[in-house]
Protein chains: 2
Amino acid sequence: MAPVPIRTVGIIGTGVIGASWAALFLAKGLKVIVTDPAPGAEVKLRKYLQSHCSEVPNSHVSPEACLENLTFVNELDALLGKVDLIQENGPERLDFKRKLFAHLDENTPEHVLIASSSSGLPSSEFVTDCKKNPARILIGHPFNPPHLVPLVEVVPHPATGSEYVDAACQFYKSLDKEPVLVKQETPGFIANRLQAAVCAEAYSLISRGVVSAEDLDKTMTSGLGLRWALTGPIMTNTLGGGANFSHFMDHLGPALQGWLGDMEKHKFDFSPQQVDSVKDKVNDWVSQLDLKEIEANRDEALGKFVEDQQH
Amino acid sequence: MAPVPIRTVGIIGTGVIGASWAALFLAKGLKVIVTDPAPGAEVKLRKYLQSHCSEVPNSHVSPEACLENLTFVNELDALLGKVDLIQENGPERLDFKRKLFAHLDENTPEHVLIASSSSGLPSSEFVTDCKKNPARILIGHPFNPPHLVPLVEVVPHPATGSEYVDAACQFYKSLDKEPVLVKQETPGFIANRLQAAVCAEAYSLISRGVVSAEDLDKTMTSGLGLRWALTGPIMTNTLGGGANFSHFMDHLGPALQGWLGDMEKHKFDFSPQQVDSVKDKVNDWVSQLDLKEIEANRDEALGKFVEDQQH
């Protein structure tokens, strides 16, 4: 029951994430069949694709050709027999996903890989009613916006077949994505945990008045994040230890522990008072900014950076 | 007692950080007077500068002109009367720094700003024996390598004069650096705290076998870090909340708290067992890699990225 080459992708749900996936798949030359029950979904999606397909790094398909490869169907079942892979982007509600996945499993040929973009629910919780082949179900969690950011977290549930894990990784790689394998179902997977660690300390520093929100962000964009875009935390440690991770841990581990101890003492507690204090300080700063322009500039720089890295 | 324009910088200590500062100052057209008591320090520094001055983003000074602006003196006191600012990079030992700063303060004209690159010691601890003008002493902590990474953390002690804080920020900005103001002396300042938060969770995930060291790093370089190089954690939250930070906090705060709670349960404890487990897993990966090549590629990409951003 080896997965077949993937030429046609089914997309369920065309909100922010589903629409961005569609732009990626189309810009990489795949055929896409989409469904979304929301009123006006098709018109909205076509408009989105017209302006975003061309942003996909290293795309060689014209926006017109992209749109020719798109089929919008009103009925979910109209796509289930025709696709080689499904990328699901429905609401993050357990009862909803349980029903949806039982239906998908029952009505889709057995070999078809079914990936959920879920960031919150582990798939073991929503494959419970799948009787046919739950081994082909896993999470393929993208990072916003999926058509620009290469990361995809691939998270199997304990009964996902390794051939489907391999096939999913291979599929995402074929689109110039960077799949990472999350070997155990873990709340927040990898990226959201690392992000939460940084945010909690950032909120503490800002609410305590140690640093302004603007300067906190600058610490990341002109230092830490800049370096982490090129070498991750482990490689950065290794290079910082004179090309030796063990040396880094032995010599800087105690300093790290000291900082972590102080952070523990001043831990952000998410109380209404602390949350309001961060909101006030952040809003004082961001209310002066043109956020639409910042987002557009970021996305342009993201696409350019990814394109450069892939060359 | 307003600080004067800075044309000549004194550098004390030419290890990794001091040498990189020298490359930056020279490539920006400043005169630099350097001292370091280590045997062979001058030869080593000149060799470093020959290959690294030209890497400084948006430098318009030839490597030859850079070296013409360098003076190496064997005696510390020979530079103290001739410089407009001192950037100190001595050993991170409190007794050493206390004596050094008392001597610098006593023997340097009163208006001269004295910045320490210290990453570990707050300056309030080592200005204790300064009698003349401790108000002109502060920390200017760079991020490795200083000639490429724009971030400088400016950390005054409680008695640092605000005019010196302003002058330090202005000076670093004039070199295309990005100073951030740390308003209270805090262990690890900002960047090392945020980095420690990420590393602790990374070590936990790797030692528990949730993700490989390689994939942990990939999560950063192809997702989180990539985005953070362009928008910091607070702006990323704001854009993720539909251009509304309060909306983000209200809707995603509870999810963050849930992840943080799970991270707390699996907290890396720096026990020898856990440390060894991370070392083994990291070394299995990095021992296969050409680390010199990785570092050179990173530095080249860093310089290019910073140059692009500054245009």
# chains A, B, ... in the order shown; residues from 1 in each chain; ligands from 1

$ select_by_dssp --residues "segment 7-156 of chain A" --states "alpha helix (DSSP H)" --output "number ranges by chain"
A: 16-27, 41-52, 63-68, 77-80, 94-107, 123-126

$ residues_around --residues "Asn58 of chain A" --least-positions-apart "5" --cutoff "9 Å" --atoms "only C-alpha atoms" --output "count of residues only"
7

$ interface_residues --of "chain A" --to "chain B" --cutoff "6 Å" --atoms "only C-alpha atoms" --output "MDAnalysis selection string"
chainID A and resid 149:151 180 182:184 187:188 194 196:198 210:211 215 217 220:223 225:226 228:230 232 246 256 259 279 298

$ write_last_selection --atoms "C-alpha atoms" --output "CSV table (one decimal), in the first residue's frame"
chain,number,residue,atom,x,y,z
A,149,VAL,CA,7.9,30.0,5.3
A,150,PRO,CA,9.5,26.6,4.6
A,151,LEU,CA,8.9,24.9,8.0
A,180,VAL,CA,10.8,18.4,10.6
A,182,VAL,CA,8.1,15.5,15.7
A,183,LYS,CA,8.5,12.0,17.0
A,184,GLN,CA,6.1,12.2,19.9
A,187,PRO,CA,1.5,20.1,23.1
A,188,GLY,CA,2.5,23.0,20.8
A,194,LEU,CA,10.1,27.6,21.6
A,196,ALA,CA,6.1,30.5,24.0
A,197,ALA,CA,9.4,30.3,25.9
A,198,VAL,CA,10.6,33.5,24.3
A,210,VAL,CA,13.4,46.4,31.9
A,211,VAL,CA,13.1,47.1,28.2
A,215,ASP,CA,13.7,47.5,21.9
A,217,ASP,CA,11.8,43.3,19.3
A,220,MET,CA,15.5,39.8,18.2
A,221,THR,CA,15.6,41.3,14.7
A,222,SER,CA,19.1,42.8,14.9
A,223,GLY,CA,20.7,40.1,17.0
A,225,GLY,CA,16.7,36.2,15.3
A,226,LEU,CA,19.2,37.3,12.7
A,228,TRP,CA,18.9,32.0,14.3
A,229,ALA,CA,17.7,32.5,10.7
A,230,LEU,CA,21.1,31.1,9.7
A,232,GLY,CA,19.7,27.2,15.0
A,246,SER,CA,30.3,19.9,25.0
A,256,LEU,CA,22.5,29.7,31.5
A,259,TRP,CA,19.8,33.4,34.1
A,279,LYS,CA,-0.9,45.2,26.4
A,298,ARG,CA,8.1,41.4,6.1

$ select_by_dssp --residues "segment 62-239 of chain A" --states "strand (DSSP E)" --output "VMD selection string"
chain A and resid 70 to 72 85 to 88 113 to 116 137 to 142 151 to 156 178 to 181

$ write_last_selection --atoms "N, CA, C and O atoms" --output "CSV table (one decimal), in the first residue's frame"
chain,number,residue,atom,x,y,z
A,70,LEU,N,-6.9,25.0,-10.7
A,70,LEU,CA,-7.7,25.1,-9.5
A,70,LEU,C,-9.2,24.6,-9.8
A,70,LEU,O,-9.7,25.1,-10.8
A,71,THR,N,-9.7,23.7,-9.0
A,71,THR,CA,-11.1,23.4,-9.1
A,71,THR,C,-11.8,23.6,-7.8
A,71,THR,O,-11.2,23.1,-6.8
A,72,PHE,N,-12.8,24.4,-7.8
A,72,PHE,CA,-13.6,24.6,-6.5
A,72,PHE,C,-14.8,23.7,-6.5
A,72,PHE,O,-15.6,23.8,-7.5
A,85,LEU,N,-3.6,13.4,-2.2
A,85,LEU,CA,-3.3,13.8,-0.8
A,85,LEU,C,-4.3,14.8,-0.4
A,85,LEU,O,-4.8,15.6,-1.2
A,86,ILE,N,-4.7,14.8,0.9
A,86,ILE,CA,-5.6,15.8,1.4
A,86,ILE,C,-4.9,16.7,2.4
A,86,ILE,O,-4.2,16.1,3.3
A,87,GLN,N,-5.0,18.0,2.3
A,87,GLN,CA,-4.5,18.9,3.4
A,87,GLN,C,-5.7,19.6,4.0
A,87,GLN,O,-6.4,20.4,3.3
A,88,GLU,N,-5.9,19.2,5.2
A,88,GLU,CA,-7.2,19.7,5.9
A,88,GLU,C,-6.9,20.9,6.8
A,88,GLU,O,-5.9,20.9,7.5
A,113,LEU,N,-2.9,9.8,1.4
A,113,LEU,CA,-2.4,10.4,2.7
A,113,LEU,C,-3.3,11.6,3.1
A,113,LEU,O,-3.7,12.4,2.2
A,114,ILE,N,-3.6,11.6,4.4
A,114,ILE,CA,-4.5,12.7,4.8
A,114,ILE,C,-3.7,13.5,5.9
A,114,ILE,O,-3.4,13.0,7.0
A,115,ALA,N,-3.4,14.8,5.6
A,115,ALA,CA,-2.6,15.6,6.5
A,115,ALA,C,-3.5,16.7,7.1
A,115,ALA,O,-4.2,17.3,6.3
A,116,SER,N,-3.4,16.9,8.4
A,116,SER,CA,-4.2,18.0,9.0
A,116,SER,C,-3.2,19.2,9.3
A,116,SER,O,-2.1,18.9,9.8
A,137,ILE,N,-3.1,8.9,8.3
A,137,ILE,CA,-3.4,10.2,8.8
A,137,ILE,C,-2.3,10.7,9.7
A,137,ILE,O,-1.7,10.0,10.5
A,138,LEU,N,-1.9,12.0,9.5
A,138,LEU,CA,-0.9,12.6,10.4
A,138,LEU,C,-1.1,14.1,10.3
A,138,LEU,O,-2.0,14.6,9.6
A,139,ILE,N,-0.3,14.8,11.1
A,139,ILE,CA,-0.3,16.3,11.1
A,139,ILE,C,0.8,16.8,10.2
A,139,ILE,O,1.9,16.4,10.3
A,140,GLY,N,0.5,17.8,9.4
A,140,GLY,CA,1.5,18.5,8.6
A,140,GLY,C,1.2,20.0,8.9
A,140,GLY,O,0.4,20.7,8.3
A,141,HIS,N,1.8,20.5,10.0
A,141,HIS,CA,1.5,21.8,10.5
A,141,HIS,C,2.5,22.8,9.9
A,141,HIS,O,3.7,22.8,10.2
A,142,PRO,N,1.9,23.8,9.1
A,142,PRO,CA,2.8,24.8,8.5
A,142,PRO,C,3.0,26.0,9.4
A,142,PRO,O,2.4,26.0,10.5
A,151,LEU,N,9.1,25.9,6.9
A,151,LEU,CA,8.9,24.9,8.0
A,151,LEU,C,7.5,24.2,7.9
A,151,LEU,O,6.5,24.9,7.7
A,152,VAL,N,7.6,22.9,8.0
A,152,VAL,CA,6.3,22.1,8.2
A,152,VAL,C,6.7,21.1,9.3
A,152,VAL,O,7.6,20.3,9.1
A,153,GLU,N,5.9,21.1,10.4
A,153,GLU,CA,6.1,20.1,11.4
A,153,GLU,C,5.2,18.9,11.1
A,153,GLU,O,4.0,19.0,11.0
A,154,VAL,N,5.9,17.7,10.9
A,154,VAL,CA,5.2,16.5,10.6
A,154,VAL,C,5.0,15.7,11.9
A,154,VAL,O,6.1,15.3,12.5
A,155,VAL,N,3.8,15.5,12.3
A,155,VAL,CA,3.6,14.8,13.6
A,155,VAL,C,2.7,13.6,13.4
A,155,VAL,O,1.4,13.7,13.3
A,156,PRO,N,3.2,12.4,13.4
A,156,PRO,CA,2.4,11.2,13.3
A,156,PRO,C,1.7,11.0,14.7
A,156,PRO,O,2.2,11.4,15.7
A,178,GLU,N,10.6,22.6,4.3
A,178,GLU,CA,11.6,21.9,5.2
A,178,GLU,C,10.8,21.2,6.3
A,178,GLU,O,10.4,21.8,7.3
A,179,PRO,N,10.5,19.9,6.0
A,179,PRO,CA,9.7,19.2,7.1
A,179,PRO,C,10.6,18.8,8.3
A,179,PRO,O,11.8,18.5,8.1
A,180,VAL,N,10.1,19.0,9.5
A,180,VAL,CA,10.8,18.4,10.6
A,180,VAL,C,9.9,17.4,11.3
A,180,VAL,O,8.6,17.5,11.3
A,181,LEU,N,10.5,16.3,11.8
A,181,LEU,CA,9.7,15.2,12.3
A,181,LEU,C,9.6,15.3,13.8
A,181,LEU,O,10.6,15.3,14.6

$ residues_around --residues "Lys99 of chain B" --least-positions-apart "3" --cutoff "9 Å" --atoms "only C-alpha atoms" --output "JSON, numbers by chain"
{"B": [94, 95, 96, 102, 103, 104, 126, 129, 130]}

$ write_last_selection --atoms "N, CA, C and O atoms" --output "short mmCIF file (atom, residue, chain, number, x, y, z; two decimals), in the first residue's frame"
data_model
loop_
_atom_site.label_atom_id
_atom_site.label_comp_id
_atom_site.auth_asym_id
_atom_site.auth_seq_id
_atom_site.Cartn_x
_atom_site.Cartn_y
_atom_site.Cartn_z
N LEU B 94 35.58 39.83 38.50
CA LEU B 94 35.19 41.04 39.23
C LEU B 94 36.39 41.79 39.80
O LEU B 94 36.50 43.02 39.63
N ASP B 95 37.32 41.08 40.46
CA ASP B 95 38.48 41.76 41.07
C ASP B 95 39.30 42.46 40.00
O ASP B 95 39.74 43.60 40.16
N PHE B 96 39.49 41.78 38.85
CA PHE B 96 40.24 42.36 37.74
C PHE B 96 39.56 43.63 37.23
O PHE B 96 40.18 44.69 37.08
N ALA B 102 38.88 51.37 38.09
CA ALA B 102 39.37 52.44 38.98
C ALA B 102 40.54 53.16 38.30
O ALA B 102 40.62 54.40 38.30
N HIS B 103 41.41 52.37 37.67
CA HIS B 103 42.57 52.95 36.98
C HIS B 103 42.14 53.76 35.75
O HIS B 103 42.63 54.88 35.53
N LEU B 104 41.22 53.20 34.98
CA LEU B 104 40.74 53.91 33.78
C LEU B 104 40.09 55.23 34.17
O LEU B 104 40.35 56.28 33.58
N PHE B 126 31.43 46.78 39.24
CA PHE B 126 32.87 47.05 39.06
C PHE B 126 33.23 48.54 39.00
O PHE B 126 34.38 48.87 38.78
N ASP B 129 35.10 51.31 42.88
CA ASP B 129 36.30 52.04 43.31
C ASP B 129 36.61 53.24 42.42
O ASP B 129 37.69 53.82 42.50
N CYS B 130 35.67 53.62 41.56
CA CYS B 130 35.89 54.77 40.67
C CYS B 130 35.51 56.05 41.42
O CYS B 130 34.37 56.20 41.86
#

$ closest_residue --among "B:Ala19, B:Ile6, B:Val43, B:Ile12" --to "His111 of chain B" --atoms "only C-alpha atoms"
B:Ile6

$ atom_distance --atom1 "atom CA of Asp105 of chain A" --atom2 "atom CA of Lys132 of chain A"
6.1 Å

$ atom_distance --atom1 "atom CA of Leu100 of chain B" --atom2 "atom CA of Glu163 of chain B"
23.3 Å

$ closest_residue --among "B:Ala65, B:Thr14, B:Tyr164, B:Lys131" --to "Gly40 of chain B" --atoms "only C-alpha atoms"
B:Thr14

$ atom_distance --atom1 "atom CA of Leu79 of chain A" --atom2 "atom CA of Ile33 of chain A"
6.4 Å
